[in-house]
2 protein chains.
Amino acid sequence: MDISRGNIVYSKSREKIAVHQNCYISVENGIVNGIYDTLPEEFTALPVTDFGDSVIIPAFSDLHVHAPQYPQRGLGMDLLLADWLNTYTFPQEAKFSDMDYARAVYDAFLDDLIANGTMHAVFGTIHRQSVEYLAGQMEKRGFRALIGKVNMDMNSPDYLCETAGESVRETEEFLADCAGNQYAKPIITPRFAPTCSKKLLDGLGKLAAKYGVGLQTHLVESKWEAAEAKRLFPDCSCDTEIYEKAGLMDHGPVVAAHFIFPSEEDIRILKKYDGCAVHCPDATVNVIAGITPVSALAKQGMNLALGSDIAGGHLPGTYTQAARAVQFSKLKWFYEGNDNEVVTFANAFYMATKEGGSLFGNVGSLEPGYVFDALVIRDFSDPFRRITPAETVERFCYTGTAADITARFMNGRRL
Amino acid sequence: MDISRGNIVYSKSREKIAVHQNCYISVENGIVNGIYDTLPEEFTALPVTDFGDSVIIPAFSDLHVHAPQYPQRGLGMDLLLADWLNTYTFPQEAKFSDMDYARAVYDAFLDDLIANGTMHAVFGTIHRQSVEYLAGQMEKRGFRALIGKVNMDMNSPDYLCETAGESVRETEEFLADCAGNQYAKPIITPRFAPTCSKKLLDGLGKLAAKYGVGLQTHLVESKWEAAEAKRLFPDCSCDTEIYEKAGLMDHGPVVAAHFIFPSEEDIRILKKYDGCAVHCPDATVNVIAGITPVSALAKQGMNLALGSDIAGGHLPGTYTQAARAVQFSKLKWFYEGNDNEVVTFANAFYMATKEGGSLFGNVGSLEPGYVFDALVIRDFSDPFRRITPAETVERFCYTGTAADITARFMNGRRL
């Protein structure tokens, strides 16, 4: 039993942040056991790690991140999408056929994610060997992930394109190699409909059934993409139906990045499979795709989480995206009105922790029974203005950096 | 003569960033003397400070910042404007009648600005004594500023409201006390038209003429404000004309914060007085006022700079706002199209340095004849991807913090 003391703050629901000021939290075998105002009799002999005025919060989940784009973060950010992809992204991704390069980048990237308090994430990367390396590193560290080998067999640069047959074979090998993983679990990852043939998707659908795995992809991420998907798959009424028809939504979690321009059919199908829409605020603004309709989707009961979308997004910390989700919801409301009310900070923090974490089990909260993946954030009070623990969490998300995270626990173990 | 070596990067124009890789910069009496590929014969005996692969750039200018709101940065950011003002801002500003409080906050604030590389700024604060303290501290440090005592005599909480007479008297005392300043120069600062009577503005106009000072205010910052200004001043065709008629635009620099919804008349008048529109991207998104039409105004020859607008904005570094200006221009273009093309990073950096600096003299560049207010930024290359000095500046603006600024020079003196 490990016991820590501090201000304990976590999300209860979209509406409510729970605050336990100057309290104790007990952790047994990596799982939260209880939170106490005063330490129960049976624990009083145990050592207590006292974090003083600091705030203990759950670690963050990043539900959409392109690992191989990490080296290009914050570059070429004034380009438009096509130029950005062709100048930076595609040549960058191609380098991951070189395993020495992949190892150097993925080690640094994983370090940076953990430094920024992200301990659960949904990744995509291109080349099988490099994906397996990343999955292996996460497995070793206890980093919970859904990780996929990206598939694309058309409308892409030659140097990134596989044939449908190769792509399915490589994916199957990846799924088989990762089948026994406890933390870094495989997920099927077609880039998006415009770069995937029907043959490829059908092949992946069979693998989904055979290996019992889910789907991550970019869904209705731009008006162009939604229209192009329907043009390429004329027997489908919407982007989402393409994956349903391929049998990719029946066998595991469904993670839909961006989901900015869904039709009613897209929403109906994604909800039917209990899928999660992932809002990546910085990224979709950086590449001009618009803003995910978080409030409107929440009203319809959609699961919603946050993603950094490195390197469309430029920052690795999901906490920054919690702030940005609030911020950009104000622009969404300003420009579009209707159901797009301002996202509260409580809701943004919920998406970044408890809702995002729910894909990985009892993860993303500090309630009893949850995995103790947790961060200690320094008190953000100034000498001239004390602020509350909940205010510290908001100020951290708006103004903080990795340096403000003073301790990290993963599966109950202090890093 | 002081000589530094490194990668020297500065703005030449809206379109062009100048890069001198592995070069020398000589500084005499605080003024840049020259930039050299190889050190001229006459300097070879002098010591050289070698910054290696780091990048030397001009310090930043922040053209709109509310000093007394610093203690509330990053708090209550999901509130709508009226609630944010009444819950956080007005009670916070009221505390500055207490000089002990003012000293503690302003010392920390000025430290934080300088840590973030801001060495020139346009400030507003409420209570005369506290403004004079802040001006005095800036003067002592050599921090270039235009600083004003905020005026408001109606439509404001009682505890912040003065009578027109009091407000004019206090302002005159402030102007007289600061008249001899070399660095921290006074500027007249009516909050905005909805909180200022005609009597107050006319009184301030007389002071502008008497003391030869300029104007800063919030101009056409929201649709509500633009309409309310015209309702309250029915003989004026637009918000800007209110200040023209009061004689506030003839005697010094005119700094117009936000300028989001200008009519053709607003633009014509502001240009006539060579005024500068200040875009504060984070702030106007945080308080839902929209996005300044930077590209459209630039095409019409308007001067444009950037501001943090602490604490509508949550970050003290103007470099963050350069990134945000690019980012939000993509949303402006997405939603409004027309003349609102994407702001290039070169243009954003220009606004943050050379254009903003121009209000303070030969400031904001590293060309010969400019004040050597400069920053040294660590090389942002990763071990697995070298990036250019210009890319380091972009990545710093998108992902950097004060900790990435490894040296600071103010008026040629290393801090």
# chains A, B, ... in the order shown; residues from 1 in each chain; ligands from 1
$ select_by_dssp --residues "range 209-257 of chain B" --states "strand (DSSP E or B)" --output "ChimeraX atom specification"
/B:215-219,254-257
$ write_last_selection --atoms "C-alpha atoms" --output "mmCIF file, in the first residue's frame"
data_model
loop_
_atom_site.group_PDB
_atom_site.id
_atom_site.type_symbol
_atom_site.label_atom_id
_atom_site.label_comp_id
_atom_site.auth_asym_id
_atom_site.auth_seq_id
_atom_site.Cartn_x
_atom_site.Cartn_y
_atom_site.Cartn_z
ATOM 1 C CA LEU B 215 -3.803 57.425 -27.449
ATOM 2 C CA GLN B 216 -4.366 53.780 -26.669
ATOM 3 C CA THR B 217 -7.822 52.294 -26.391
ATOM 4 C CA HIS B 218 -9.944 49.311 -27.390
ATOM 5 C CA LEU B 219 -11.417 50.089 -30.831
ATOM 6 C CA VAL B 254 -2.315 55.883 -31.730
ATOM 7 C CA VAL B 255 -2.635 52.268 -30.590
ATOM 8 C CA ALA B 256 -5.957 50.585 -31.374
ATOM 9 C CA ALA B 257 -6.407 47.277 -29.582
#
$ residues_around --residues "Gly356 in chain B" --least-positions-apart "2" --cutoff "7 Å" --atoms "only C-alpha atoms" --output "MDAnalysis selection string"
chainID B and resid 61 63 305:306 351:354 358:359
$ closest_residue --among "A:Arg103, A:His66, A:His120, A:Lys185" --to "chain B" --atoms "only C-alpha atoms"
A:Arg103
$ residues_around --residues "His64 in chain A" --least-positions-apart "5" --cutoff "7 Å" --atoms "only C-alpha atoms" --output "list in words"
Ala121, Val122, Phe123, Ala257, Val278, Gly307, Ser308 and Asp309 of chain A
$ interface_residues --of "chain B" --to "chain A" --cutoff "7 Å" --atoms "only C-alpha atoms" --output "ChimeraX atom specification"
/B:71,74-75,78,101,104-105,285-286,288,290,314-315,326-327,330-331,334,344-345,384-385,391,394-395,398-399
$ residues_around --residues "range 33-42 of chain B" --least-positions-apart "2" --cutoff "8 Å" --atoms "only C-alpha atoms" --output "list in words"
His20, Asn22, Cys23, Tyr24, Ile25, Ser26, Val27, Glu28, Ile31, Thr44, Ala45, Glu367, Pro368 and Gly369 of chain B
$ write_last_selection --atoms "N, CA, C and O atoms" --output "short mmCIF file (atom, residue, chain, number, x, y, z; two decimals), in the first residue's frame"
data_model
loop_
_atom_site.label_atom_id
_atom_site.label_comp_id
_atom_site.auth_asym_id
_atom_site.auth_seq_id
_atom_site.Cartn_x
_atom_site.Cartn_y
_atom_site.Cartn_z
N HIS B 20 21.29 35.24 -41.15
CA HIS B 20 22.76 35.27 -41.29
C HIS B 20 23.30 34.11 -40.48
O HIS B 20 23.40 34.19 -39.24
N ASN B 22 25.80 31.55 -38.80
CA ASN B 22 27.17 31.60 -38.27
C ASN B 22 27.84 32.95 -38.56
O ASN B 22 28.88 33.01 -39.19
N CYS B 23 27.23 34.01 -38.10
CA CYS B 23 27.77 35.36 -38.36
C CYS B 23 28.06 36.08 -37.05
O CYS B 23 27.74 35.59 -35.97
N TYR B 24 28.66 37.24 -37.20
CA TYR B 24 29.01 38.09 -36.06
C TYR B 24 28.12 39.33 -36.08
O TYR B 24 27.79 39.85 -37.14
N ILE B 25 27.75 39.79 -34.88
CA ILE B 25 27.01 41.05 -34.79
C ILE B 25 27.76 41.95 -33.81
O ILE B 25 28.15 41.51 -32.72
N SER B 26 28.02 43.19 -34.23
CA SER B 26 28.74 44.12 -33.35
C SER B 26 27.76 45.18 -32.84
O SER B 26 26.88 45.63 -33.57
N VAL B 27 27.94 45.53 -31.57
CA VAL B 27 27.02 46.45 -30.90
C VAL B 27 27.84 47.52 -30.19
O VAL B 27 28.78 47.20 -29.45
N GLU B 28 27.49 48.77 -30.45
CA GLU B 28 28.23 49.88 -29.82
C GLU B 28 27.23 50.81 -29.13
O GLU B 28 26.27 51.27 -29.76
N ILE B 31 23.63 50.01 -29.61
CA ILE B 31 23.06 50.07 -30.97
C ILE B 31 23.81 49.10 -31.88
O ILE B 31 25.04 49.02 -31.82
N THR B 44 39.22 42.02 -34.67
CA THR B 44 39.72 40.66 -34.39
C THR B 44 40.39 40.54 -33.02
O THR B 44 40.48 39.44 -32.48
N ALA B 45 40.79 41.66 -32.45
CA ALA B 45 41.41 41.59 -31.13
C ALA B 45 40.38 41.59 -30.00
O ALA B 45 40.70 41.32 -28.85
N GLU B 367 19.04 45.14 -37.71
CA GLU B 367 19.76 45.88 -38.75
C GLU B 367 20.59 46.99 -38.09
O GLU B 367 20.25 47.45 -36.99
N PRO B 368 21.68 47.38 -38.73
CA PRO B 368 22.51 48.45 -38.16
C PRO B 368 21.66 49.69 -37.85
O PRO B 368 20.77 50.05 -38.62
N GLY B 369 21.93 50.29 -36.69
CA GLY B 369 21.17 51.47 -36.27
C GLY B 369 20.04 51.14 -35.32
O GLY B 369 19.49 52.03 -34.68
#
$ residues_around --residues "range 196-200 of chain B" --least-positions-apart "2" --cutoff "7 Å" --atoms "only C-alpha atoms" --output "ChimeraX atom specification"
/B:152-154,164,168,190,192-194,202-204
$ residues_around --residues "His127 in chain A" --least-positions-apart "4" --cutoff "7 Å" --atoms "only C-alpha atoms" --output "PyMOL selection string"
chain A and resi 96-97+131+149
$ residues_around --residues "Arg231 in chain A" --least-positions-apart "6" --cutoff "12 Å" --atoms "only C-alpha atoms" --output "JSON, numbers by chain"
{"A": [193, 194, 224, 225, 237, 238, 239, 242]}
$ write_last_selection --atoms "N, CA and C atoms" --output "mmCIF file, in the first residue's frame"
data_model
loop_
_atom_site.group_PDB
_atom_site.id
_atom_site.type_symbol
_atom_site.label_atom_id
_atom_site.label_comp_id
_atom_site.auth_asym_id
_atom_site.auth_seq_id
_atom_site.Cartn_x
_atom_site.Cartn_y
_atom_site.Cartn_z
ATOM 1 N N ALA A 193 -10.442 7.015 -45.942
ATOM 2 C CA ALA A 193 -11.054 6.385 -47.111
ATOM 3 C C ALA A 193 -10.401 6.802 -48.435
ATOM 4 N N PRO A 194 -10.034 8.073 -48.629
ATOM 5 C CA PRO A 194 -9.468 8.439 -49.935
ATOM 6 C C PRO A 194 -8.159 7.717 -50.274
ATOM 7 N N TRP A 224 -13.912 18.192 -47.988
ATOM 8 C CA TRP A 224 -13.343 17.496 -49.129
ATOM 9 C C TRP A 224 -13.310 15.991 -48.875
ATOM 10 N N GLU A 225 -12.820 15.612 -47.714
ATOM 11 C CA GLU A 225 -12.648 14.184 -47.415
ATOM 12 C C GLU A 225 -13.999 13.484 -47.364
ATOM 13 N N SER A 237 -23.556 5.511 -47.883
ATOM 14 C CA SER A 237 -24.271 6.786 -47.744
ATOM 15 C C SER A 237 -23.414 7.827 -47.041
ATOM 16 N N CYS A 238 -22.349 7.389 -46.393
ATOM 17 C CA CYS A 238 -21.506 8.338 -45.661
ATOM 18 C C CYS A 238 -20.145 7.691 -45.405
ATOM 19 N N ASP A 239 -19.196 8.508 -44.974
ATOM 20 C CA ASP A 239 -17.834 8.063 -44.703
ATOM 21 C C ASP A 239 -17.823 6.877 -43.725
ATOM 22 N N ILE A 242 -18.543 3.217 -44.799
ATOM 23 C CA ILE A 242 -17.472 2.488 -45.509
ATOM 24 C C ILE A 242 -16.822 1.471 -44.578
#
$ closest_residue --among "A:Ala277, A:Val376, A:Cys236, A:Val32" --to "Pro293 in chain A" --atoms "only C-alpha atoms"
A:Ala277
$ select_by_dssp --residues "range 318-392 of chain A" --states "helix (DSSP H, G or I)" --output "count of residues only"
39
$ atom_distance --atom1 "CA of Glu139 in chain A" --atom2 "CA of Val363 in chain A"
16.3 Å
$ decode --residues "range 369-401 of chain A" --atoms "N, CA, C and O atoms" --output "tab-separated table (two decimals), in the first residue's frame"
chain	number	residue	atom	x	y	z
A	369	GLY	N	-10.58	1.90	-7.57
A	369	GLY	CA	-10.72	0.92	-8.65
A	369	GLY	C	-10.02	1.35	-9.93
A	369	GLY	O	-9.83	0.54	-10.83
A	370	TYR	N	-9.64	2.63	-10.02
A	370	TYR	CA	-8.94	3.10	-11.21
A	370	TYR	C	-7.44	2.86	-11.10
A	370	TYR	O	-6.87	2.91	-10.01
A	371	VAL	N	-6.82	2.63	-12.27
A	371	VAL	CA	-5.36	2.52	-12.34
A	371	VAL	C	-4.75	3.84	-11.86
A	371	VAL	O	-5.21	4.91	-12.27
A	372	PHE	N	-3.73	3.77	-10.99
A	372	PHE	CA	-3.08	4.99	-10.51
A	372	PHE	C	-2.03	5.44	-11.51
A	372	PHE	O	-0.83	5.31	-11.29
A	373	ASP	N	-2.49	5.96	-12.66
A	373	ASP	CA	-1.65	6.72	-13.59
A	373	ASP	C	-1.92	8.17	-13.24
A	373	ASP	O	-3.02	8.68	-13.50
A	374	ALA	N	-0.95	8.84	-12.65
A	374	ALA	CA	-1.25	10.14	-12.04
A	374	ALA	C	-0.08	11.11	-12.15
A	374	ALA	O	1.07	10.69	-12.35
A	375	LEU	N	-0.42	12.38	-12.07
A	375	LEU	CA	0.57	13.45	-12.15
A	375	LEU	C	0.47	14.33	-10.92
A	375	LEU	O	-0.63	14.52	-10.38
A	376	VAL	N	1.59	14.88	-10.51
A	376	VAL	CA	1.59	15.90	-9.47
A	376	VAL	C	1.95	17.22	-10.13
A	376	VAL	O	3.00	17.34	-10.77
A	377	ILE	N	1.03	18.17	-10.00
A	377	ILE	CA	1.21	19.50	-10.62
A	377	ILE	C	1.54	20.49	-9.52
A	377	ILE	O	0.87	20.52	-8.49
A	378	ARG	N	2.55	21.31	-9.74
A	378	ARG	CA	2.91	22.30	-8.71
A	378	ARG	C	1.73	23.26	-8.48
A	378	ARG	O	0.95	23.50	-9.40
A	379	ASP	N	1.62	23.76	-7.28
A	379	ASP	CA	0.62	24.79	-6.98
A	379	ASP	C	0.89	26.01	-7.87
A	379	ASP	O	2.00	26.53	-7.87
A	380	PHE	N	-0.11	26.45	-8.63
A	380	PHE	CA	0.07	27.58	-9.53
A	380	PHE	C	-0.29	28.92	-8.88
A	380	PHE	O	-0.45	29.92	-9.59
A	381	SER	N	-0.46	28.95	-7.57
A	381	SER	CA	-0.72	30.23	-6.90
A	381	SER	C	0.46	31.16	-7.07
A	381	SER	O	1.61	30.72	-7.13
A	382	ASP	N	0.18	32.44	-7.15
A	382	ASP	CA	1.23	33.46	-7.05
A	382	ASP	C	1.33	33.89	-5.60
A	382	ASP	O	0.37	33.74	-4.83
A	383	PRO	N	2.45	34.49	-5.22
A	383	PRO	CA	2.56	34.99	-3.84
A	383	PRO	C	1.45	36.02	-3.54
A	383	PRO	O	1.03	36.16	-2.40
A	384	PHE	N	0.96	36.70	-4.59
A	384	PHE	CA	-0.01	37.77	-4.37
A	384	PHE	C	-1.45	37.32	-4.63
A	384	PHE	O	-2.38	38.11	-4.54
A	385	ARG	N	-1.63	36.05	-5.00
A	385	ARG	CA	-3.01	35.56	-5.16
A	385	ARG	C	-3.04	34.05	-5.04
A	385	ARG	O	-2.61	33.34	-5.94
A	386	ARG	N	-3.59	33.57	-3.92
A	386	ARG	CA	-3.76	32.12	-3.80
A	386	ARG	C	-4.89	31.69	-4.71
A	386	ARG	O	-5.91	32.35	-4.81
A	387	ILE	N	-4.69	30.58	-5.40
A	387	ILE	CA	-5.79	30.03	-6.19
A	387	ILE	C	-6.11	28.63	-5.68
A	387	ILE	O	-5.30	28.02	-4.99
A	388	THR	N	-7.30	28.16	-6.02
A	388	THR	CA	-7.76	26.85	-5.52
A	388	THR	C	-7.09	25.72	-6.31
A	388	THR	O	-6.58	25.96	-7.42
A	389	PRO	N	-7.13	24.49	-5.80
A	389	PRO	CA	-6.59	23.36	-6.57
A	389	PRO	C	-7.26	23.22	-7.95
A	389	PRO	O	-6.58	22.94	-8.94
A	390	ALA	N	-8.57	23.43	-8.03
A	390	ALA	CA	-9.24	23.32	-9.35
A	390	ALA	C	-8.74	24.42	-10.28
A	390	ALA	O	-8.55	24.20	-11.48
A	391	GLU	N	-8.52	25.62	-9.72
A	391	GLU	CA	-7.98	26.70	-10.55
A	391	GLU	C	-6.56	26.39	-11.01
A	391	GLU	O	-6.16	26.75	-12.12
A	392	THR	N	-5.78	25.73	-10.15
A	392	THR	CA	-4.43	25.33	-10.57
A	392	THR	C	-4.51	24.41	-11.79
A	392	THR	O	-3.71	24.53	-12.72
A	393	VAL	N	-5.47	23.50	-11.81
A	393	VAL	CA	-5.59	22.59	-12.95
A	393	VAL	C	-5.93	23.38	-14.22
A	393	VAL	O	-5.34	23.16	-15.28
A	394	GLU	N	-6.83	24.34	-14.12
A	394	GLU	CA	-7.18	25.16	-15.29
A	394	GLU	C	-5.96	25.97	-15.74
A	394	GLU	O	-5.61	25.99	-16.92
A	395	ARG	N	-5.29	26.62	-14.78
A	395	ARG	CA	-4.14	27.45	-15.17
A	395	ARG	C	-3.02	26.60	-15.76
A	395	ARG	O	-2.33	27.02	-16.68
A	396	PHE	N	-2.84	25.40	-15.21
A	396	PHE	CA	-1.85	24.48	-15.78
A	396	PHE	C	-2.19	24.17	-17.24
A	396	PHE	O	-1.31	24.22	-18.12
A	397	CYS	N	-3.44	23.86	-17.51
A	397	CYS	CA	-3.82	23.52	-18.89
A	397	CYS	C	-3.62	24.72	-19.82
A	397	CYS	O	-3.23	24.55	-20.97
A	398	TYR	N	-3.86	25.92	-19.34
A	398	TYR	CA	-3.72	27.12	-20.18
A	398	TYR	C	-2.27	27.58	-20.30
A	398	TYR	O	-1.85	28.03	-21.35
A	399	THR	N	-1.51	27.50	-19.21
A	399	THR	CA	-0.20	28.16	-19.23
A	399	THR	C	0.96	27.24	-18.86
A	399	THR	O	2.11	27.67	-18.91
A	400	GLY	N	0.68	26.00	-18.51
A	400	GLY	CA	1.73	25.13	-17.98
A	400	GLY	C	2.54	24.44	-19.05
A	400	GLY	O	2.24	24.47	-20.24
A	401	THR	N	3.62	23.81	-18.59
A	401	THR	CA	4.48	22.99	-19.45
A	401	THR	C	4.85	21.73	-18.68
A	401	THR	O	4.52	21.58	-17.50
